[in-house]
$ cat target35.cif   # mmCIF, C-alpha atoms
data_data
#
loop_
_atom_site.label_atom_id
_atom_site.label_comp_id
_atom_site.auth_asym_id
_atom_site.auth_seq_id
_atom_site.Cartn_x
_atom_site.Cartn_y
_atom_site.Cartn_z
CA MET A 95 -23.46 4.83 -6.85
CA SER A 96 -24.06 1.82 -4.72
CA PRO A 97 -26.33 0.92 -1.81
CA GLU A 98 -24.85 0.80 1.64
CA THR A 99 -23.03 -2.46 2.23
CA PRO A 100 -20.91 -3.92 5.03
CA ARG A 101 -17.37 -2.48 4.93
CA SER A 102 -15.51 -5.70 5.39
CA GLU A 103 -15.68 -9.32 4.45
CA ARG A 104 -14.27 -10.05 7.88
CA SER A 105 -17.73 -9.60 9.38
CA GLN A 106 -18.92 -12.62 7.41
CA PRO A 107 -18.83 -15.98 9.18
CA VAL A 108 -15.72 -17.97 8.38
CA SER A 109 -15.60 -21.76 8.37
CA ARG A 110 -13.77 -23.20 11.35
CA LYS A 111 -11.97 -25.56 8.99
CA ARG A 112 -10.20 -22.71 7.23
CA GLY A 113 -6.51 -22.34 8.00
CA ARG A 114 -5.07 -19.21 9.58
CA LEU A 115 -3.09 -16.74 7.47
CA LYS A 116 -0.15 -14.70 8.73
CA VAL A 117 1.47 -12.07 6.52
CA PHE A 118 4.98 -10.73 7.12
CA LEU A 119 4.61 -7.22 5.66
CA GLY A 120 7.45 -4.88 4.71
CA MET A 121 8.06 -1.53 3.07
CA SER A 122 10.30 -2.95 0.32
CA PRO A 123 12.58 -5.82 -0.69
CA GLY A 124 15.52 -6.36 1.63
CA VAL A 125 13.93 -5.54 4.99
CA GLY A 126 14.13 -9.19 6.10
CA LYS A 127 10.59 -10.54 5.71
CA THR A 128 11.61 -14.03 4.57
CA TYR A 129 14.38 -14.13 7.17
CA GLU A 130 11.98 -13.28 10.00
CA MET A 131 9.40 -15.76 8.71
CA LEU A 132 11.98 -18.56 8.70
CA ARG A 133 13.25 -17.67 12.17
CA ALA A 134 9.70 -17.83 13.54
CA ALA A 135 9.08 -21.10 11.67
CA ARG A 136 12.18 -22.68 13.20
CA ARG A 137 10.93 -21.71 16.65
CA ARG A 138 7.55 -23.28 15.86
CA LYS A 139 9.28 -26.45 14.66
CA ALA A 140 11.45 -26.58 17.81
CA GLU A 141 8.25 -26.46 19.85
CA GLY A 142 7.00 -29.57 18.06
CA GLY A 143 5.02 -27.94 15.26
CA ASP A 144 4.53 -29.67 11.90
CA VAL A 145 6.17 -27.05 9.68
CA VAL A 146 6.88 -27.42 5.95
CA VAL A 147 8.52 -24.98 3.53
CA GLY A 148 6.29 -24.91 0.45
CA VAL A 149 8.34 -22.32 -1.40
CA VAL A 150 10.93 -19.80 -0.22
CA GLU A 151 12.97 -17.41 -2.35
CA THR A 152 16.39 -16.82 -0.75
CA HIS A 153 17.72 -14.66 -3.62
CA GLY A 154 21.15 -16.08 -2.86
CA ARG A 155 21.33 -14.49 0.60
CA ARG A 156 23.48 -16.77 2.74
CA GLU A 157 21.87 -15.75 6.03
CA THR A 158 18.45 -16.72 4.69
CA GLU A 159 19.71 -19.96 3.13
CA SER A 160 21.20 -21.04 6.46
CA LEU A 161 17.75 -20.95 8.07
CA LEU A 162 16.51 -23.65 5.68
CA ARG A 163 18.90 -26.24 7.09
CA GLY A 164 17.03 -28.94 8.96
CA MET A 165 13.66 -27.79 7.58
CA GLU A 166 11.39 -29.96 5.43
CA VAL A 167 11.44 -28.27 2.02
CA MET A 168 9.05 -29.40 -0.71
CA PRO A 169 10.45 -29.93 -4.22
CA ARG A 170 9.15 -27.50 -6.80
CA LYS A 171 7.03 -28.53 -9.76
CA PRO A 172 8.29 -27.93 -13.33
CA ILE A 173 5.84 -26.07 -15.57
CA ASP A 174 6.60 -26.30 -19.29
CA TYR A 175 6.45 -22.88 -20.95
CA LYS A 176 7.68 -22.37 -24.51
CA GLY A 177 10.13 -25.23 -24.22
CA ARG A 178 11.46 -24.10 -20.84
CA ALA A 179 10.82 -25.70 -17.46
CA LEU A 180 9.76 -23.02 -14.97
CA MET A 181 9.92 -24.23 -11.37
CA GLU A 182 6.86 -23.34 -9.33
CA PHE A 183 5.23 -24.12 -5.98
CA ASP A 184 3.63 -27.60 -6.04
CA ILE A 185 0.15 -26.97 -4.67
CA ASP A 186 -1.00 -30.58 -5.12
CA ALA A 187 1.95 -31.92 -3.13
CA ALA A 188 1.22 -29.39 -0.38
CA LEU A 189 -2.42 -30.45 -0.19
CA ALA A 190 -1.42 -34.11 -0.05
CA ARG A 191 1.18 -33.48 2.68
CA LYS A 192 -1.23 -31.27 4.68
CA PRO A 193 1.20 -29.91 7.30
CA GLY A 194 0.11 -27.92 10.31
CA LEU A 195 1.93 -24.86 8.93
CA LEU A 196 3.07 -24.17 5.37
CA LEU A 197 5.48 -21.40 4.36
CA VAL A 198 4.65 -19.81 1.00
CA ASP A 199 6.97 -16.90 0.23
CA GLU A 200 6.18 -13.91 -2.03
CA TYR A 201 2.39 -13.56 -1.83
CA ALA A 202 2.26 -11.32 -4.94
CA HIS A 203 4.17 -13.74 -7.21
CA SER A 204 2.70 -14.42 -10.67
CA ASN A 205 2.69 -18.14 -11.49
CA ALA A 206 3.96 -19.49 -14.78
CA PRO A 207 1.37 -19.85 -17.55
CA GLY A 208 -0.20 -23.30 -17.28
CA SER A 209 -0.27 -23.29 -13.48
CA ARG A 210 -3.57 -24.01 -11.73
CA HIS A 211 -3.90 -20.40 -10.59
CA PRO A 212 -2.49 -17.24 -12.21
CA LYS A 213 -1.35 -15.83 -8.85
CA ARG A 214 0.33 -17.28 -5.78
CA TRP A 215 -2.16 -15.58 -3.45
CA GLN A 216 -4.81 -17.75 -5.13
CA ASP A 217 -2.72 -20.85 -4.33
CA VAL A 218 -2.69 -19.67 -0.73
CA GLU A 219 -6.48 -19.32 -0.72
CA GLU A 220 -6.86 -22.94 -1.82
CA ILE A 221 -4.39 -24.10 0.83
CA LEU A 222 -6.24 -22.16 3.54
CA SER A 223 -9.56 -23.61 2.40
CA ALA A 224 -8.09 -27.07 2.99
CA GLY A 225 -7.55 -26.20 6.65
CA ILE A 226 -3.78 -25.60 6.46
CA ASP A 227 -2.21 -22.60 8.21
CA VAL A 228 -0.06 -20.44 5.91
CA TRP A 229 2.66 -17.87 6.52
CA THR A 230 3.62 -15.62 3.62
CA THR A 231 5.49 -12.39 2.82
CA LEU A 232 4.42 -9.19 1.08
CA ASN A 233 5.81 -5.76 0.22
CA VAL A 234 3.29 -2.96 0.68
CA GLN A 235 3.82 -1.61 -2.85
CA HIS A 236 2.17 -4.73 -4.28
CA LEU A 237 -1.29 -3.92 -2.87
CA GLU A 238 -3.64 -3.07 -5.73
CA SER A 239 -5.09 0.05 -4.09
CA LEU A 240 -1.60 1.53 -3.64
CA VAL A 241 -0.27 1.02 -7.18
CA GLU A 242 -0.91 4.63 -8.24
CA VAL A 243 0.31 6.01 -4.90
CA VAL A 244 3.55 4.02 -5.17
CA LEU A 245 3.97 5.15 -8.79
CA ARG A 246 3.77 8.79 -7.67
CA ILE A 247 6.25 8.16 -4.84
CA THR A 248 8.84 6.07 -6.67
CA GLY A 249 8.17 6.51 -10.38
CA VAL A 250 7.88 2.71 -10.67
CA ARG A 251 4.65 0.90 -11.58
CA GLN A 252 4.31 -2.49 -9.90
CA ARG A 253 3.43 -5.30 -12.30
CA GLU A 254 2.66 -7.94 -9.68
CA THR A 255 -0.21 -7.03 -7.36
CA VAL A 256 -2.39 -8.53 -4.65
CA PRO A 257 -6.00 -7.44 -4.07
CA ASP A 258 -6.42 -5.60 -0.78
CA SER A 259 -8.98 -8.21 0.29
CA ALA A 260 -6.20 -10.83 0.29
CA LEU A 261 -4.43 -8.85 3.01
CA SER A 262 -7.66 -8.04 4.82
CA ARG A 263 -8.34 -11.75 5.29
CA ALA A 264 -5.08 -12.21 7.20
CA ASP A 265 -5.53 -13.37 10.78
CA ASP A 266 -2.16 -11.91 11.76
CA ILE A 267 0.09 -9.24 10.24
CA GLU A 268 3.67 -8.78 11.39
CA VAL A 269 5.38 -5.66 10.09
CA VAL A 270 9.08 -6.33 9.49
CA ASP A 271 10.34 -2.82 10.06
CA ILE A 272 13.79 -1.26 9.75
CA THR A 273 14.79 2.35 9.11
CA PRO A 274 15.55 3.55 5.57
CA ASP A 275 19.16 4.22 6.61
CA GLU A 276 19.56 0.66 7.93
CA LEU A 277 18.19 -0.80 4.68
CA ARG A 278 20.53 1.33 2.59
CA ARG A 279 23.43 0.20 4.79
CA ARG A 280 22.46 -3.43 4.12
CA MET A 281 22.43 -2.68 0.41
CA ALA A 282 25.88 -1.08 0.56
CA GLU A 283 27.17 -4.22 2.30
CA GLY A 284 25.82 -6.40 -0.52
CA LYS A 285 23.18 -8.09 1.65
CA VAL A 286 20.29 -7.21 -0.68
CA TYR A 287 21.65 -6.95 -4.24
CA VAL A 288 25.01 -7.38 -5.94
CA PRO A 289 27.08 -4.14 -5.70
CA GLU A 290 26.29 -2.56 -9.08
CA THR A 291 22.58 -3.34 -8.81
CA ALA A 292 22.58 -2.03 -5.22
CA ARG A 293 24.18 1.25 -6.32
CA LEU A 294 21.60 1.85 -9.04
CA ALA A 295 18.74 0.87 -6.72
CA SER A 296 19.95 3.28 -4.02
CA GLU A 297 19.88 6.12 -6.53
CA ASN A 298 16.35 5.33 -7.71
CA PHE A 299 13.67 3.22 -5.96
CA PHE A 300 15.61 3.00 -2.68
CA LYS A 301 16.13 6.72 -2.12
CA VAL A 302 15.63 7.72 1.53
CA GLU A 303 12.53 9.81 0.79
CA ASN A 304 10.93 6.93 -1.14
CA LEU A 305 11.64 4.42 1.62
CA THR A 306 10.31 6.80 4.27
CA ALA A 307 7.00 7.14 2.40
CA LEU A 308 6.76 3.38 1.78
CA ARG A 309 7.49 2.69 5.44
CA GLU A 310 4.62 4.96 6.46
CA LEU A 311 2.33 3.16 4.00
CA ALA A 312 3.25 -0.25 5.43
CA LEU A 313 2.70 0.83 9.03
CA ARG A 314 -0.57 2.58 8.15
CA ARG A 315 -1.94 -0.34 6.15
CA ALA A 316 -1.17 -2.81 8.93
CA ALA A 317 -2.81 -0.53 11.50
CA GLN A 318 -5.82 -0.02 9.25
CA THR A 319 -6.32 -3.77 8.87
CA VAL A 320 -6.18 -4.25 12.64
CA ASP A 321 -8.63 -1.36 13.11
CA ASP A 322 -11.03 -2.93 10.61
CA GLN A 323 -10.86 -6.23 12.46
CA LEU A 324 -11.57 -4.43 15.74
CA LEU A 325 -14.49 -2.60 14.15
CA ALA A 326 -15.98 -5.87 12.86
CA THR A 327 -15.62 -7.53 16.27
CA LEU A 328 -17.23 -4.65 18.15
CA ARG A 329 -20.05 -4.45 15.60
CA GLU A 330 -20.72 -8.18 15.97
CA ARG A 331 -20.90 -7.73 19.75
CA GLY A 332 -23.32 -4.82 19.45
CA VAL A 333 -20.98 -2.26 21.02
CA GLU A 334 -22.03 1.29 20.10
CA GLY A 335 -19.46 3.36 18.21
CA PRO A 336 -17.44 5.31 17.44
CA TRP A 337 -14.56 3.35 18.95
CA ALA A 338 -10.97 4.32 19.63
CA ALA A 339 -9.38 3.07 16.40
CA GLY A 340 -7.90 4.70 13.29
CA GLU A 341 -9.32 7.74 11.53
CA ARG A 342 -12.24 7.30 9.11
CA ILE A 343 -13.67 10.10 7.02
CA LEU A 344 -17.23 10.71 5.76
CA VAL A 345 -17.84 13.42 3.14
CA LEU A 346 -21.48 14.53 2.65
CA VAL A 347 -22.40 15.84 -0.80
CA GLY A 348 -25.49 17.04 -2.63
CA GLY A 349 -26.11 17.86 -6.27
CA ASP A 350 -24.60 21.33 -5.99
CA ALA A 351 -21.61 23.08 -7.52
CA VAL A 352 -19.39 22.52 -4.47
CA ALA A 353 -19.75 18.70 -4.45
CA ALA A 354 -16.50 18.12 -6.35
CA SER A 355 -14.65 20.53 -4.03
CA LEU A 356 -15.90 18.59 -1.00
CA VAL A 357 -14.69 15.33 -2.54
CA ARG A 358 -11.22 16.77 -3.10
CA ALA A 359 -11.17 18.15 0.44
CA GLY A 360 -11.99 14.65 1.71
CA ARG A 361 -9.13 13.19 -0.32
CA ARG A 362 -6.70 15.77 1.07
CA LEU A 363 -7.89 15.15 4.63
CA SER A 364 -7.26 11.44 4.04
CA ASP A 365 -3.72 12.25 2.87
CA MET A 366 -3.13 14.38 5.97
CA MET A 367 -4.21 11.41 8.12
CA MET A 368 -1.84 8.86 6.53
CA ASP A 369 -4.21 7.55 3.86
CA ALA A 370 -7.19 7.18 6.22
CA PRO A 371 -10.20 5.36 4.68
CA TRP A 372 -12.78 7.83 3.34
CA THR A 373 -16.33 7.60 1.99
CA VAL A 374 -18.44 10.07 0.03
CA ALA A 375 -22.15 9.88 0.89
CA HIS A 376 -25.41 11.41 -0.32
CA VAL A 377 -28.67 11.27 1.63
CA GLU A 378 -31.84 10.51 -0.33
CA ARG A 379 -35.13 11.40 1.35
CA PRO A 380 -38.09 9.21 0.31
CA SER A 381 -40.59 12.01 1.00
CA ARG A 382 -39.13 14.39 -1.57
CA SER A 383 -36.71 14.65 -4.47
CA ASP A 384 -33.69 16.73 -3.49
CA VAL A 385 -31.66 16.27 -6.67
CA GLY A 386 -32.71 16.43 -10.29
CA GLY A 387 -31.52 17.55 -13.71
CA ALA A 388 -28.15 19.28 -13.50
CA GLY A 389 -27.91 18.43 -9.80
CA SER A 390 -28.17 14.71 -10.52
CA ALA A 391 -25.38 14.99 -13.09
CA ARG A 392 -23.15 16.88 -10.63
CA LEU A 393 -23.80 14.25 -7.94
CA SER A 394 -22.87 11.44 -10.34
CA GLU A 395 -19.70 13.30 -11.31
CA ALA A 396 -18.80 13.75 -7.63
CA PHE A 397 -19.23 10.01 -6.98
CA ILE A 398 -17.13 9.13 -10.02
CA LEU A 399 -14.42 11.56 -8.87
CA ALA A 400 -14.44 10.03 -5.38
CA GLU A 401 -13.89 6.53 -6.76
CA GLN A 402 -11.12 7.79 -9.06
CA LEU A 403 -9.38 9.35 -6.04
CA GLY A 404 -9.60 6.14 -4.02
CA GLY A 405 -12.71 6.75 -1.91
CA ARG A 406 -15.84 4.67 -1.42
CA THR A 407 -19.32 5.93 -2.29
CA VAL A 408 -22.62 5.24 -0.58
CA VAL A 409 -26.24 6.43 -0.82
CA LEU A 410 -28.01 6.74 2.52
CA THR A 411 -31.80 6.82 2.80
CA GLY A 412 -33.95 8.60 5.37
CA ASP A 413 -36.19 11.64 5.85
CA ASP A 414 -34.22 12.49 9.00
CA VAL A 415 -30.91 13.46 7.41
CA VAL A 416 -28.95 13.82 10.64
CA ARG A 417 -30.13 10.45 11.90
CA ALA A 418 -29.27 8.74 8.60
CA VAL A 419 -25.78 10.27 8.67
CA MET A 420 -25.08 9.50 12.32
CA ASP A 421 -26.41 5.92 12.07
CA HIS A 422 -23.95 5.31 9.24
CA ALA A 423 -21.16 7.09 11.13
CA HIS A 424 -21.67 4.98 14.27
CA ARG A 425 -21.85 1.71 12.35
CA ASN A 426 -18.66 2.49 10.45
CA ASN A 427 -16.62 4.16 13.20
CA VAL A 428 -16.44 7.51 11.38
CA THR A 429 -14.22 10.00 13.19
CA GLN A 430 -14.22 12.91 10.69
CA ILE A 431 -17.28 14.35 8.87
CA VAL A 432 -16.85 16.87 6.04
CA ILE A 433 -19.76 19.06 4.86
CA GLY A 434 -20.17 22.23 2.81
CA LYS A 435 -21.55 25.59 3.89
CA GLY A 436 -22.75 28.58 1.89
CA ARG A 437 -25.24 29.52 -0.78
CA ASP A 438 -23.86 26.91 -3.20
CA SER A 439 -24.17 24.01 -0.74
CA ARG A 440 -27.45 22.11 -0.97
CA ILE A 441 -26.48 19.54 1.66
CA SER A 442 -26.67 22.23 4.38
CA GLU A 443 -30.20 23.16 3.30
CA LEU A 444 -31.68 19.68 3.60
CA LEU A 445 -33.03 20.40 7.07
CA GLY A 446 -34.05 24.00 6.52
CA ARG A 447 -31.50 24.83 9.22
CA SER A 448 -27.76 24.43 9.79
CA LEU A 449 -26.74 20.85 9.17
CA ALA A 450 -23.36 21.58 10.75
CA ALA A 451 -25.01 22.64 14.02
CA GLU A 452 -27.33 19.62 14.01
CA LEU A 453 -24.47 17.21 13.35
CA LEU A 454 -22.29 18.82 15.99
CA ARG A 455 -25.03 18.23 18.56
CA SER A 456 -25.37 14.58 17.50
CA ALA A 457 -21.78 13.62 16.66
CA LYS A 458 -20.41 11.85 19.70
CA GLY A 459 -16.64 11.70 19.31
CA ALA A 460 -16.56 12.78 15.64
CA ALA A 461 -15.04 16.01 14.31
CA ILE A 462 -17.17 18.14 11.95
CA HIS A 463 -15.26 19.96 9.18
CA VAL A 464 -17.19 22.75 7.43
CA ILE A 465 -15.78 23.71 4.03
CA THR A 466 -16.74 27.33 3.34
CA GLU A 467 -14.79 27.96 0.14
CA PRO A 468 -14.41 25.96 -3.09
CA GLU A 469 -11.31 23.75 -2.97
CA GLY A 470 -10.88 24.74 0.70
CA LEU A 471 -8.85 22.53 2.99
CA PRO A 472 -10.30 21.68 6.39
CA THR A 473 -8.59 24.07 8.81
CA GLU A 474 -8.77 24.81 12.52
CA ARG A 475 -11.02 27.79 11.78
CA GLY A 476 -13.18 25.88 9.31
CA SER A 477 -13.84 22.87 11.51
CA GLN A 478 -15.57 22.08 14.75
CA ARG A 479 -13.70 20.22 17.46
CA ARG A 480 -14.74 16.71 18.40
CA ALA A 481 -17.62 16.58 20.85
#
$ encode --input "target35.cif" --output "structure tokens"
Amino acid sequence: MSPETPRSERSQPVSRKRGRLKVFLGMSPGVGKTYEMLRAARRRKAEGGDVVVGVVETHGRRETESLLRGMEVMPRKPIDYKGRALMEFDIDAALARKPGLLLVDEYAHSNAPGSRHPKRWQDVEEILSAGIDVWTTLNVQHLESLVEVVLRITGVRQRETVPDSALSRADDIEVVDITPDELRRRMAEGKVYVPETARLASENFFKVENLTALRELALRRAAQTVDDQLLATLRERGVEGPWAAGERILVLVGGDAVAASLVRAGRRLSDMMMDAPWTVAHVERPSRSDVGGAGSARLSEAFILAEQLGGRTVVLTGDDVVRAVMDHAHRNNVTQIVIGKGRDSRISELLGRSLAAELLRSAKGAAIHVITEPEGLPTERGSQRRA
């Protein structure tokens, strides 16, 4: 369990000297991220911008290679590894050149052993700190928080990952989006992989159902990042929430037997809302002890389960439970609140009256979902409409 903390590093002041980061985000290899980045870079150069290619992986695609003509491309740096020279991005040369805009392809790339940083996204951080703008590319399956989700979808575990915070710090995200059918057509034409590799890929990772799910993840993650940035801006300006942005879920639990069921219901509600961010919260009242003994153990287990399922956890403090909940909900743009009801639910007894009714009266713009059965899904009958 952790105390309540700001949701995003974006609310922290950022030095004006830091460069701006733009990420070209896609659902998978082959959608054209590098191609679109180079096209945009050529336009910037034509407008008089100081643009340098730090590192770009063309993968032998002629259309992509043609876009490098006339561009300033930095030589790569050899890194000796077990008697072999591995060619990597030369971060020192980039810092010395200090262009207005640097292109650094494949954000999730793992650098050769002996490089200054283990990961390319760390190279990018150093470049940004030097005041240089960076454009980079990323496939959604390389985000750390989505590794298990992508494994369930595709059966493939990603070895190269980027922390979600590295995407959250992006000033701009451009989703390079094509339909699954269009990508598979490109593969069949040999524009992504050589024919035999393309055939095998189409039968495995690049199946239509996999690509459809990955596409939804990419679009959702981009929208979520923009929503978070909007939330941080409105909070900084003192605008009262909730605001019209993406869905955010708050699950209230006590030390009762239904706590784990509420956590699972919150996870399922998040899935129904395209992986919406969700938080499990408990309210501690300074004037009395609400949880002890077996209840404390159940609460700890519920928090552990929430974190295992991808949720955040937070302990709120206040003798006025409704006020503590709604203050948190307004600050964090919560749009969905999940609570339990029945003889096994302690959270509904905290006020000595119906918590659902009290929250419904106070929840401006948030939906209240009341779970009345263990493992129950929020349904139309079991939830209150938004006020």
$ resolve_selection --input "target35.cif" --expression "the PyMOL selection byres ((chain A and resi 196) around 12)" --output "PyMOL selection string"
chain A and resi 113-116+131-132+135+138-139+143-150+165-168+183-185+187-189+191-195+197-199+217-218+221-222+224-230
$ write_last_selection --input "target35.cif" --atoms "C-alpha atoms" --output "mmCIF file, in the frame of the given file"
data_model
loop_
_atom_site.group_PDB
_atom_site.id
_atom_site.type_symbol
_atom_site.label_atom_id
_atom_site.label_comp_id
_atom_site.auth_asym_id
_atom_site.auth_seq_id
_atom_site.Cartn_x
_atom_site.Cartn_y
_atom_site.Cartn_z
ATOM 1 C CA GLY A 113 -6.510 -22.340 8.000
ATOM 2 C CA ARG A 114 -5.070 -19.210 9.580
ATOM 3 C CA LEU A 115 -3.090 -16.740 7.470
ATOM 4 C CA LYS A 116 -0.150 -14.700 8.730
ATOM 5 C CA MET A 131 9.400 -15.760 8.710
ATOM 6 C CA LEU A 132 11.980 -18.560 8.700
ATOM 7 C CA ALA A 135 9.080 -21.100 11.670
ATOM 8 C CA ARG A 138 7.550 -23.280 15.860
ATOM 9 C CA LYS A 139 9.280 -26.450 14.660
ATOM 10 C CA GLY A 143 5.020 -27.940 15.260
ATOM 11 C CA ASP A 144 4.530 -29.670 11.900
ATOM 12 C CA VAL A 145 6.170 -27.050 9.680
ATOM 13 C CA VAL A 146 6.880 -27.420 5.950
ATOM 14 C CA VAL A 147 8.520 -24.980 3.530
ATOM 15 C CA GLY A 148 6.290 -24.910 0.450
ATOM 16 C CA VAL A 149 8.340 -22.320 -1.400
ATOM 17 C CA VAL A 150 10.930 -19.800 -0.220
ATOM 18 C CA MET A 165 13.660 -27.790 7.580
ATOM 19 C CA GLU A 166 11.390 -29.960 5.430
ATOM 20 C CA VAL A 167 11.440 -28.270 2.020
ATOM 21 C CA MET A 168 9.050 -29.400 -0.710
ATOM 22 C CA PHE A 183 5.230 -24.120 -5.980
ATOM 23 C CA ASP A 184 3.630 -27.600 -6.040
ATOM 24 C CA ILE A 185 0.150 -26.970 -4.670
ATOM 25 C CA ALA A 187 1.950 -31.920 -3.130
ATOM 26 C CA ALA A 188 1.220 -29.390 -0.380
ATOM 27 C CA LEU A 189 -2.420 -30.450 -0.190
ATOM 28 C CA ARG A 191 1.180 -33.480 2.680
ATOM 29 C CA LYS A 192 -1.230 -31.270 4.680
ATOM 30 C CA PRO A 193 1.200 -29.910 7.300
ATOM 31 C CA GLY A 194 0.110 -27.920 10.310
ATOM 32 C CA LEU A 195 1.930 -24.860 8.930
ATOM 33 C CA LEU A 197 5.480 -21.400 4.360
ATOM 34 C CA VAL A 198 4.650 -19.810 1.000
ATOM 35 C CA ASP A 199 6.970 -16.900 0.230
ATOM 36 C CA ASP A 217 -2.720 -20.850 -4.330
ATOM 37 C CA VAL A 218 -2.690 -19.670 -0.730
ATOM 38 C CA ILE A 221 -4.390 -24.100 0.830
ATOM 39 C CA LEU A 222 -6.240 -22.160 3.540
ATOM 40 C CA ALA A 224 -8.090 -27.070 2.990
ATOM 41 C CA GLY A 225 -7.550 -26.200 6.650
ATOM 42 C CA ILE A 226 -3.780 -25.600 6.460
ATOM 43 C CA ASP A 227 -2.210 -22.600 8.210
ATOM 44 C CA VAL A 228 -0.060 -20.440 5.910
ATOM 45 C CA TRP A 229 2.660 -17.870 6.520
ATOM 46 C CA THR A 230 3.620 -15.620 3.620
#
$ resolve_selection --input "target35.cif" --expression "the PyMOL selection byres ((chain A and resi 251) around 12)" --output "ChimeraX atom specification"
/A:235-238,240-250,252-255,299
$ atom_distance --input "target35.cif" --atom1 "CA of Arg315 (chain A)" --atom2 "CA of Val234 (chain A)"
8.0 Å
$ residues_around --input "target35.cif" --residues "region 354-362 of chain A" --least-positions-apart "4" --cutoff "9 Å" --atoms "only C-alpha atoms" --output "count of residues only"
33
$ atom_distance --input "target35.cif" --atom1 "CA of Lys435 (chain A)" --atom2 "CA of Glu341 (chain A)"
22.9 Å
$ residues_around --input "target35.cif" --residues "Thr158 (chain A)" --least-positions-apart "4" --cutoff "10 Å" --atoms "all atoms listed in the file" --output "VMD selection string"
chain A and resid 126 128 to 133 150 to 154 162 to 163
$ resolve_selection --input "target35.cif" --expression "the PyMOL selection byres ((chain A and resi 270) around 7)" --output "compact mmCIF listing (two decimals) with C-alpha atoms, in the coordinates of the input"
# COMPACT_ATOMS: atom_id res chain seq x y z
CA PHE A 118 4.98 -10.73 7.12
CA LEU A 119 4.61 -7.22 5.66
CA GLY A 120 7.45 -4.88 4.71
CA VAL A 125 13.93 -5.54 4.99
CA GLY A 126 14.13 -9.19 6.10
CA LYS A 127 10.59 -10.54 5.71
CA GLU A 268 3.67 -8.78 11.39
CA VAL A 269 5.38 -5.66 10.09
CA ASP A 271 10.34 -2.82 10.06
CA ILE A 272 13.79 -1.26 9.75
$ atom_distance --input "target35.cif" --atom1 "CA of Glu310 (chain A)" --atom2 "CA of His203 (chain A)"
23.2 Å
$ closest_residue --input "target35.cif" --among "A:Ser209, A:Thr429, A:Thr231, A:Ser122" --to "Val286 (chain A)" --atoms "only C-alpha atoms"
A:Ser122
$ closest_residue --input "target35.cif" --among "A:Thr306, A:Ser390, A:Thr407, A:Thr319" --to "Leu277 (chain A)" --atoms "only C-alpha atoms"
A:Thr306
$ residues_near_point --input "target35.cif" --point "(5.2, -20.7, -16.1)" --cutoff "6 Å" --atoms "only C-alpha atoms" --output "list in words"
Ile173, Tyr175, Leu180, Asn205, Ala206 and Pro207 of chain A
$ write_last_selection --input "target35.cif" --atoms "C-alpha atoms" --output "JSON list (two decimals), in the frame of the given file"
[["chain", "number", "residue", "atom", "x", "y", "z"],
["A", 173, "ILE", "CA", 5.84, -26.07, -15.57],
["A", 175, "TYR", "CA", 6.45, -22.88, -20.95],
["A", 180, "LEU", "CA", 9.76, -23.02, -14.97],
["A", 205, "ASN", "CA", 2.69, -18.14, -11.49],
["A", 206, "ALA", "CA", 3.96, -19.49, -14.78],
["A", 207, "PRO", "CA", 1.37, -19.85, -17.55]]
$ decode --input "target35.cif" --residues "region 259-291 of chain A" --atoms "C-alpha atoms" --output "mmCIF file, in the first residue's frame"
data_model
loop_
_atom_site.group_PDB
_atom_site.id
_atom_site.type_symbol
_atom_site.label_atom_id
_atom_site.label_comp_id
_atom_site.auth_asym_id
_atom_site.auth_seq_id
_atom_site.Cartn_x
_atom_site.Cartn_y
_atom_site.Cartn_z
ATOM 1 C CA SER A 259 7.094 6.707 -18.320
ATOM 2 C CA ALA A 260 9.339 7.024 -21.387
ATOM 3 C CA LEU A 261 6.220 7.316 -23.549
ATOM 4 C CA SER A 262 4.412 9.490 -21.020
ATOM 5 C CA ARG A 263 7.166 12.100 -21.287
ATOM 6 C CA ALA A 264 6.565 12.506 -25.025
ATOM 7 C CA ASP A 265 5.458 15.985 -26.039
ATOM 8 C CA ASP A 266 3.806 14.624 -29.187
ATOM 9 C CA ILE A 267 2.562 11.184 -30.216
ATOM 10 C CA GLU A 268 1.641 10.395 -33.809
ATOM 11 C CA VAL A 269 -0.123 7.085 -34.331
ATOM 12 C CA VAL A 270 0.889 5.559 -37.668
ATOM 13 C CA ASP A 271 -2.274 3.610 -38.324
ATOM 14 C CA ILE A 272 -3.267 1.205 -41.089
ATOM 15 C CA THR A 273 -5.823 -1.603 -41.082
ATOM 16 C CA PRO A 274 -4.770 -5.195 -40.349
ATOM 17 C CA ASP A 275 -5.795 -6.173 -43.888
ATOM 18 C CA GLU A 276 -3.613 -3.438 -45.406
ATOM 19 C CA LEU A 277 -0.606 -4.553 -43.338
ATOM 20 C CA ARG A 278 -1.085 -8.176 -44.366
ATOM 21 C CA ARG A 279 -1.316 -7.046 -48.008
ATOM 22 C CA ARG A 280 2.011 -5.223 -47.604
ATOM 23 C CA MET A 281 3.510 -8.396 -46.177
ATOM 24 C CA ALA A 282 2.221 -10.479 -49.085
ATOM 25 C CA GLU A 283 3.852 -7.998 -51.486
ATOM 26 C CA GLY A 284 7.206 -8.409 -49.718
ATOM 27 C CA LYS A 285 7.265 -4.858 -48.355
ATOM 28 C CA VAL A 286 7.776 -5.950 -44.736
ATOM 29 C CA TYR A 287 9.645 -9.289 -44.737
ATOM 30 C CA VAL A 288 11.076 -11.640 -47.342
ATOM 31 C CA PRO A 289 8.347 -13.995 -48.693
ATOM 32 C CA GLU A 290 8.947 -17.069 -46.511
ATOM 33 C CA THR A 291 9.315 -15.004 -43.338
#
